[in-house]
>>> print(open('protein.cif').read())   # mmCIF, C-alpha atoms and all ligand atoms
data_entry
loop_
_atom_site.label_atom_id
_atom_site.label_comp_id
_atom_site.auth_asym_id
_atom_site.auth_seq_id
_atom_site.Cartn_x
_atom_site.Cartn_y
_atom_site.Cartn_z
CA MET A 1 13.95 -0.04 -7.98
CA THR A 2 12.17 -1.69 -10.93
CA ALA A 3 9.20 -0.24 -12.78
CA GLU A 4 7.07 -3.01 -11.25
CA ASN A 5 8.17 -2.01 -7.74
CA ASP A 6 7.44 1.63 -8.50
CA GLU A 7 3.91 0.81 -9.57
CA ALA A 8 3.35 -1.39 -6.52
CA TRP A 9 4.50 1.50 -4.33
CA LEU A 10 2.19 3.94 -6.11
CA THR A 11 -0.77 1.58 -5.87
CA SER A 12 -0.27 1.16 -2.12
CA ALA A 13 -0.85 4.92 -1.55
CA PRO A 14 1.78 5.52 1.18
CA THR A 15 1.46 8.57 3.43
CA GLU A 16 4.69 8.54 5.48
CA PRO A 17 6.08 11.99 4.53
CA ASP A 18 9.83 11.18 4.29
CA GLU A 19 9.15 8.03 2.31
CA VAL A 20 6.94 9.94 -0.14
CA ARG A 21 9.46 12.75 -0.55
CA ARG A 22 12.36 10.31 -1.14
CA PHE A 23 10.36 8.39 -3.73
CA TYR A 24 9.57 11.54 -5.71
CA ASP A 25 13.14 12.84 -5.31
CA GLU A 26 14.42 9.66 -6.95
CA TRP A 27 11.72 9.59 -9.63
CA ALA A 28 12.08 13.24 -10.69
CA ASP A 29 14.40 12.66 -13.65
CA ARG A 30 12.15 10.15 -15.39
CA TYR A 31 8.71 11.12 -14.03
CA ASP A 32 7.61 13.06 -17.13
CA VAL A 33 8.53 10.20 -19.50
CA ASP A 34 6.81 7.56 -17.36
CA LEU A 35 3.64 9.63 -16.97
CA ALA A 36 3.48 10.25 -20.73
CA ASP A 37 3.84 6.49 -21.29
CA TRP A 38 1.01 5.88 -18.80
CA ASP A 39 -1.33 8.33 -20.58
CA TYR A 40 -1.72 10.63 -17.56
CA ARG A 41 -4.67 12.92 -18.25
CA ALA A 42 -5.31 14.60 -14.90
CA PRO A 43 -3.43 17.89 -15.52
CA ALA A 44 -5.39 18.73 -18.68
CA ARG A 45 -8.67 17.52 -17.14
CA LEU A 46 -8.34 19.75 -14.04
CA THR A 47 -7.11 22.72 -16.06
CA ALA A 48 -10.27 22.53 -18.15
CA MET A 49 -12.35 22.61 -14.93
CA LEU A 50 -10.48 25.63 -13.55
CA VAL A 51 -10.87 27.58 -16.76
CA GLU A 52 -14.55 26.64 -17.09
CA PHE A 53 -15.46 27.86 -13.59
CA GLY A 54 -12.74 30.35 -12.70
CA ASP A 55 -10.99 33.49 -13.89
CA ALA A 56 -8.08 32.30 -16.06
CA THR A 57 -6.24 35.58 -15.44
CA ALA A 58 -6.19 35.12 -11.65
CA ASP A 59 -3.08 34.17 -9.67
CA ALA A 60 -2.88 30.39 -9.24
CA LEU A 61 -1.33 27.90 -6.83
CA ASP A 62 -0.26 24.50 -8.15
CA ALA A 63 -0.32 22.54 -4.89
CA GLY A 64 2.02 19.56 -5.34
CA CYS A 65 3.41 20.77 -8.65
CA GLY A 66 5.98 17.98 -9.01
CA THR A 67 8.18 18.37 -12.08
CA GLY A 68 5.78 20.89 -13.61
CA LEU A 69 3.48 18.78 -15.79
CA SER A 70 0.49 20.38 -14.09
CA GLY A 71 1.89 23.91 -14.45
CA ARG A 72 2.55 23.37 -18.13
CA ALA A 73 -1.03 22.13 -18.54
CA LEU A 74 -2.33 25.26 -16.74
CA ARG A 75 -0.35 27.48 -19.11
CA ALA A 76 -1.41 25.46 -22.19
CA GLY A 77 -5.03 25.68 -21.02
CA GLY A 78 -4.95 29.47 -20.86
CA CYS A 79 -4.07 30.35 -17.27
CA THR A 80 -2.20 33.64 -17.54
CA GLY A 81 -1.93 34.91 -13.95
CA ARG A 82 1.05 34.58 -11.64
CA LEU A 83 1.65 30.86 -11.07
CA VAL A 84 3.22 29.55 -7.85
CA GLY A 85 4.20 25.88 -7.45
CA ILE A 86 4.83 24.11 -4.16
CA ASP A 87 5.98 20.55 -3.51
CA VAL A 88 7.91 18.54 -0.92
CA SER A 89 10.43 17.23 -3.46
CA VAL A 90 13.29 19.62 -4.24
CA PRO A 91 14.55 17.70 -7.32
CA SER A 92 10.99 17.84 -8.69
CA LEU A 93 10.80 21.58 -7.94
CA GLU A 94 14.07 22.13 -9.83
CA ARG A 95 12.51 20.60 -12.91
CA ALA A 96 9.32 22.57 -12.43
CA ALA A 97 11.34 25.79 -12.26
CA ALA A 98 13.25 24.81 -15.41
CA SER A 99 9.96 24.18 -17.26
CA GLY A 100 9.36 27.92 -17.40
CA ALA A 101 5.70 27.52 -16.48
CA TYR A 102 6.00 29.02 -12.98
CA ASP A 103 6.72 32.50 -11.70
CA GLU A 104 7.84 30.99 -8.40
CA VAL A 105 8.38 27.56 -6.88
CA GLN A 106 8.98 26.76 -3.23
CA GLN A 107 9.10 23.76 -0.93
CA GLY A 108 5.84 23.25 0.92
CA ASP A 109 3.98 20.41 2.63
CA LEU A 110 0.24 19.98 2.11
CA ASN A 111 0.02 18.15 5.44
CA ARG A 112 0.84 21.44 7.17
CA SER A 113 -0.44 25.01 7.08
CA LEU A 114 0.49 26.76 3.84
CA ALA A 115 2.82 29.77 3.90
CA PHE A 116 0.38 32.06 2.11
CA ASP A 117 -1.94 34.82 3.28
CA ASP A 118 -5.70 34.31 3.31
CA GLY A 119 -7.21 34.81 -0.15
CA ARG A 120 -3.80 34.99 -1.88
CA PHE A 121 -4.95 33.06 -5.00
CA GLY A 122 -7.94 33.04 -7.34
CA LEU A 123 -7.28 29.51 -8.61
CA LEU A 124 -5.81 26.39 -7.01
CA ALA A 125 -4.97 23.10 -8.74
CA CYS A 126 -4.04 19.93 -6.84
CA VAL A 127 -3.30 17.23 -9.38
CA GLY A 128 -2.37 13.70 -8.38
CA VAL A 129 -1.30 14.67 -4.86
CA LEU A 130 -4.11 13.93 -2.38
CA THR A 131 -3.09 10.24 -2.31
CA TYR A 132 -0.30 11.38 0.03
CA VAL A 133 -2.41 13.65 2.23
CA PRO A 134 -4.25 11.56 4.83
CA ASP A 135 -6.26 14.39 6.38
CA VAL A 136 -8.13 15.59 3.33
CA GLU A 137 -10.53 17.74 5.33
CA ARG A 138 -7.73 19.76 6.88
CA CYS A 139 -6.11 20.14 3.46
CA TRP A 140 -9.29 21.29 1.70
CA ARG A 141 -10.00 23.79 4.49
CA GLU A 142 -6.47 25.13 4.09
CA PHE A 143 -6.96 25.37 0.32
CA ALA A 144 -10.16 27.34 0.95
CA ARG A 145 -8.25 29.68 3.26
CA VAL A 146 -5.59 30.63 0.68
CA VAL A 147 -8.14 31.04 -2.15
CA GLN A 148 -10.22 34.20 -2.18
CA PRO A 149 -14.05 34.04 -1.97
CA GLY A 150 -15.37 33.34 -5.47
CA GLY A 151 -12.13 31.58 -6.44
CA VAL A 152 -11.99 28.00 -7.67
CA ILE A 153 -10.19 24.88 -6.40
CA ALA A 154 -9.78 21.84 -8.66
CA CYS A 155 -8.49 18.52 -7.26
CA SER A 156 -8.12 14.95 -8.37
CA GLN A 157 -8.53 12.07 -5.97
CA ARG A 158 -8.16 8.36 -6.68
CA ASP A 159 -11.55 6.66 -6.47
CA ASP A 160 -10.38 3.97 -4.01
CA ILE A 161 -9.01 6.67 -1.70
CA TRP A 162 -12.11 8.81 -2.17
CA ARG A 163 -14.07 6.00 -0.57
CA GLU A 164 -11.45 5.00 2.07
CA ARG A 165 -11.09 8.58 3.33
CA HIS A 166 -14.83 9.28 3.21
CA CYS A 167 -14.48 12.26 0.90
CA ASP A 168 -18.26 12.53 0.35
CA ASP A 169 -18.69 13.10 4.10
CA VAL A 170 -15.86 15.65 4.11
CA LEU A 171 -17.52 17.57 1.28
CA ASP A 172 -20.84 17.49 3.13
CA ARG A 173 -19.18 19.08 6.18
CA LEU A 174 -17.44 21.75 4.11
CA THR A 175 -20.62 22.70 2.30
CA THR A 176 -22.72 22.63 5.50
CA ASP A 177 -20.14 24.90 7.14
CA GLY A 178 -20.41 27.33 4.21
CA VAL A 179 -16.72 26.95 3.30
CA VAL A 180 -17.19 25.86 -0.32
CA GLU A 181 -19.82 25.06 -2.92
CA VAL A 182 -19.36 21.97 -5.14
CA LEU A 183 -19.30 23.06 -8.79
CA ALA A 184 -18.56 19.67 -10.32
CA LEU A 185 -17.66 16.15 -9.22
CA SER A 186 -16.97 13.54 -11.88
CA ASP A 187 -17.66 9.85 -11.73
CA PRO A 188 -14.45 7.78 -11.68
CA GLU A 189 -12.50 8.24 -14.90
CA PRO A 190 -9.32 6.58 -16.21
CA TYR A 191 -6.32 7.92 -14.27
CA LEU A 192 -3.15 6.14 -15.45
CA PRO A 193 -4.72 3.81 -18.02
CA GLN A 194 -1.45 2.64 -19.58
CA SER A 195 0.38 1.85 -16.31
CA GLY A 196 0.61 -1.63 -14.77
CA ASP A 197 -2.46 -3.80 -14.34
CA GLU A 198 -3.50 -2.87 -10.80
CA MET A 199 -2.81 0.87 -11.05
CA ALA A 200 -4.45 1.06 -14.49
CA SER A 201 -7.68 -0.29 -13.01
CA ILE A 202 -7.91 2.53 -10.43
CA GLY A 203 -9.97 5.51 -11.53
CA ALA A 204 -9.82 9.14 -10.42
CA ARG A 205 -12.54 11.60 -9.52
CA TYR A 206 -12.23 15.23 -10.52
CA LEU A 207 -13.64 17.89 -8.22
CA ALA A 208 -14.19 21.63 -8.66
CA LEU A 209 -15.10 23.81 -5.64
CA ARG A 210 -16.07 27.48 -5.38
CA VAL A 211 -14.78 29.14 -2.23
CA LEU A 212 -17.52 30.97 -0.34
C1 LIG B 1 1.78 12.22 -8.89
S1 LIG B 1 2.83 13.60 -8.54
C2 LIG B 1 1.89 14.93 -9.23
C3 LIG B 1 2.74 16.10 -9.63
C4 LIG B 1 2.06 17.09 -10.54
N1 LIG B 1 0.96 17.76 -9.88
C5 LIG B 1 1.56 16.38 -11.78
O1 LIG B 1 0.35 16.38 -12.00
O2 LIG B 1 2.40 15.85 -12.53
C6 LIG B 1 2.61 13.82 -6.78
C7 LIG B 1 3.43 14.96 -6.23
O3 LIG B 1 2.98 15.24 -4.92
C8 LIG B 1 4.10 15.62 -4.16
N2 LIG B 1 3.74 15.48 -2.75
C9 LIG B 1 3.53 14.35 -2.06
N3 LIG B 1 3.18 14.62 -0.80
C10 LIG B 1 3.18 15.96 -0.68
C11 LIG B 1 2.92 16.86 0.39
N4 LIG B 1 2.58 16.42 1.61
N5 LIG B 1 3.01 18.19 0.15
C12 LIG B 1 3.37 18.66 -1.07
N6 LIG B 1 3.64 17.84 -2.13
C13 LIG B 1 3.55 16.52 -1.94
C14 LIG B 1 5.19 14.70 -4.64
O4 LIG B 1 6.48 15.14 -4.28
C15 LIG B 1 4.93 14.68 -6.14
O5 LIG B 1 5.64 15.69 -6.79
#
>>> encode(input="protein.cif", output="C-alpha cells")
Amino acid sequence: MTAENDEAWLTSAPTEPDEVRRFYDEWADRYDVDLADWDYRAPARLTAMLVEFGDATADALDAGCGTGLSGRALRAGGCTGRLVGIDVSVPSLERAAASGAYDEVQQGDLNRSLAFDDGRFGLLACVGVLTYVPDVERCWREFARVVQPGGVIACSQRDDIWRERHCDDVLDRLTTDGVVEVLALSDPEPYLPQSGDEMASIGARYLALRVL
C-alpha cells in the first residue's frame, strides 16, 4: 500500500469493522512517524480540554488508544490517575502498552457495549476514532454510562463527518435527555494539516461534555 493509497483510505472514512482493524494492524509500526510528519495535534488539544474541565487525578479511559500517542499526551498534559486504553487493533495495543503511558490496555470495540461498570472513569478521551463509529449517539451514550456523574468526556470528530452524521442533532438529544452538558465545542480546526491535499483540507471539531 502506498502513502497515497493510505491517505485516500483515511479520507474515505470507512466503517466496516474488519477492514478498519486490518488497516490499523498493518499501519501500527509506522503510525507514530506518519502522524508526527502530518502535524497531528488532536491528542494535545483534547488533553488540554480534559484538564481544563475535569479532575486530572481521576481514572481515565483512552477509547481507541491506538499506538499510545493519545495516552502519552494525557500523561504529558498532567493526567495522573489510572489510565486504561482500549482499541480494536492488537498490534497497536502492543505499542501502546510498550509506551509506558497506560496501566492497562485491552481489546475493545466502540461499536459495542464497553466492558466497564457504570461510572468506572472520571475522564474519557476519544481522539481520532469516531470516524470509524457510525452510530455516534450510541457511542456517546455508552461513554456517558462508563463515566461517573460530574466526569468529563473529550472527543474529536472530523468536520465533514460531524455534518454527515448529524452530530449537532445527536448532542441536542443527549442534552435534552439530561445525559450530558456541553462544556465546549470548537469550530473546525486543522486536523492533519501536513498530510495529503484532500485529508489536509478536512478540519476537526473538539468537544468536551460533562456527564450529568
Ligand atoms: C487515528 S487512530 C487514533 C489513535 C489514538 N487515539 C491517537 O490519537 O493516536 C484511530 C484508532 O481507532 C481504532 N479504532 C477504529 N475503530 C475502532 C472501534 N470500533 N473500536 C475501538 N477502536 C477503534 C483504530 O484501531 C486506531 O487505533
>>> closest_residue(input="protein.cif", among="A:Trp27, A:Tyr132, A:Tyr102, A:Trp162", to="ligand LIG 1 (chain B)", atoms="only C-alpha atoms and all ligand atoms")
A:Tyr132
>>> residues_near_point(input="protein.cif", point="(-16.6, 17.1, 7.4)", cutoff="12 Å", atoms="all atoms listed in the file", output="count of residues only")
23
>>> residues_near_ligand(input="protein.cif", ligand="ligand LIG 1 (chain B)", cutoff="8 Å", atoms="only C-alpha atoms and all ligand atoms", output="PyMOL selection string")
chain A and resi 15+17+20-21+23-25+28+32+35+42-43+62-71+86-89+92-93+107-112+126-133
>>> axis_aligned_box(input="protein.cif", around="region 134-141 of chain A", padding_each_side="3 Å", output="JSON")
{"center_x": -7.4, "center_y": 17.7, "center_z": 4.3, "size_x": 12.3, "size_y": 18.2, "size_z": 11.2}
>>> closest_residue(input="protein.cif", among="A:Glu16, A:Trp38, A:Gly100, A:Phe116", to="Asp197 (chain A)", atoms="all atoms listed in the file")
A:Trp38
>>> atom_distance(input="protein.cif", atom1="CA of Ala58 (chain A)", atom2="CA of Phe121 (chain A)")
7.1 Å
